[in-house]
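Data block below; observations after.
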Amino acid sequence: MNSNDVGRERHRRFDRVVSVFHRDMYRYAAWLCRDPGIAEEVVQEALLRAWKSLDALREDGAAKPWLLTIVRRENARYFERKRLETVDIDALSPAQTAMLAETDDPELYDLRQAIYRLEDDYREPLVLQVLMGHSTKEIAELMGMQQGAVLTRLHRARIKLKEEVEKEAAA
Amino acid sequence: MTTSKENMNCEEYKEALAGDPTASFEGGAVHAATCESCAAFTTEMRAFDAKIAKALAIDVPDLVLPELPDIADDNVVNVPFKRKQTFSTPTWIGIAATVALAAFIGVRMIDLDPGSGLSLPDEILAHVDHEPGALRVTNVAVTDQLFSSVVNPSVGTMDRDIGLVTYARSCIINGKTIPHLVIQGEKGPITLLLMPDEMIDGAMTLDGKGVNGVILPLGEGSIAIIGERDEPLEEIEQKVIDSVEWST
């Protein structure tokens, strides 16, 4: 295979992987940082890093956790670089408001708000499990935690969300 | 996930289920089958999870790939470059034209993933609407590096002599990453989408809000050319067709 073929194959492989998983990358980033604008930046950086280290991905079947790990690191780097603590959830930008208000279903809107307000430690494993379909073992590996601790967080996250939604419904 | 703990009590079962409502618990299944309260809790948690999944599924903007640098030793650049051209059209004409174009074009957020259900012309017009870079007027050409990373060997080659290329990004159309280029025309920016894998039977007309264009077949692929409503495209169409060669 000559160098042009190698370059072509690399582009094709990258396109294949990215076209399948870019939605997951964006949603994971958006729920990590809770800001659509920052999420787009994080995904851009993550795509660039993925491109540069594509050879490290041995099997395309492992692309999803690999890409999400890159997104997670890039999100952390973003906040380190900007010296930001976290997004201020009480002073939402128009983009953040739009992210939460994408639904006409009031129950869904309340639930989305409640997820948005969840602490990072609870929100992240929930996103990985419910949205990304990761097992608790995979979440534990990605977050560098014990599986038991992940289960505890997931349990608490759901209980908190249920309480919030029930409180909202009663109000 | 399967948990092997047998003889769970209600509290243990509910705690485990709230950690993972999709899991099956060997001991828990036996328990839930005989405990009405836990069986109801299982149904409730699974329904709640479905709502959480729906709430988490926020809209995703179109994917715009960053500029991908050449990887060392790959020598992926295979584009016959020409010297940068100066911009002959007065910039103010372009600016005015772009403002007019922007006024006509509403921003639409759409899902451009495979299976979006849009026809190729509709997907192309929606993409152009949503790509603000396409409306940017500048007399500064993109760098050779950027151009070659977008029009890369997996696509083919393109002669830059066709016009002043002021924008180059890799974008996704119909699930495939393709070069999105913009050159400056007489009335404003002209968008070119090079689609090496989109084979069409014949030319297709593009008729958008304030814009007109065409998708032209070229070998096993096609090229979309979109300009302002009154932009004369015939000359540029021929130039573009002559300048592009697919890699496969």
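Every chain in the structure tokens takes a letter, A first, then B, and so on in the order presented; its residues are numbered from 1, and the ligands are numbered from 1 following the presented order.
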
Residues of chain B within 7 Å of chain A, counting only C-alpha atoms, as a list of chain:residue names |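 The complete set of qualifying residues is B:Glu15, B:Ala18, B:Gly19, B:Ala53, B:Ala55, B:Leu56, B:Ile58, B:Val60, B:Leu65, B:Pro66, B:Leu68, B:Asp74, B:Asn75, B:Val76, B:Pro153, B:Ser154, B:Gly175, B:Thr177.
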
Using DSSP on the backbone, list every residue of region 32-114 of chain A that comes out as alpha helix (DSSP H), and give them as a PyMOL selection string.
-> chain A and resi 32-33+36-52+63-81+94-100+106-114

Give me the residues within 10 Å of Ala76 (chain A) as a list in words, counting only C-alpha atoms and dropping any in the same chain fewer than 6 places off.
-> Leu32, Cys33, Val42 and Ile70 of chain A
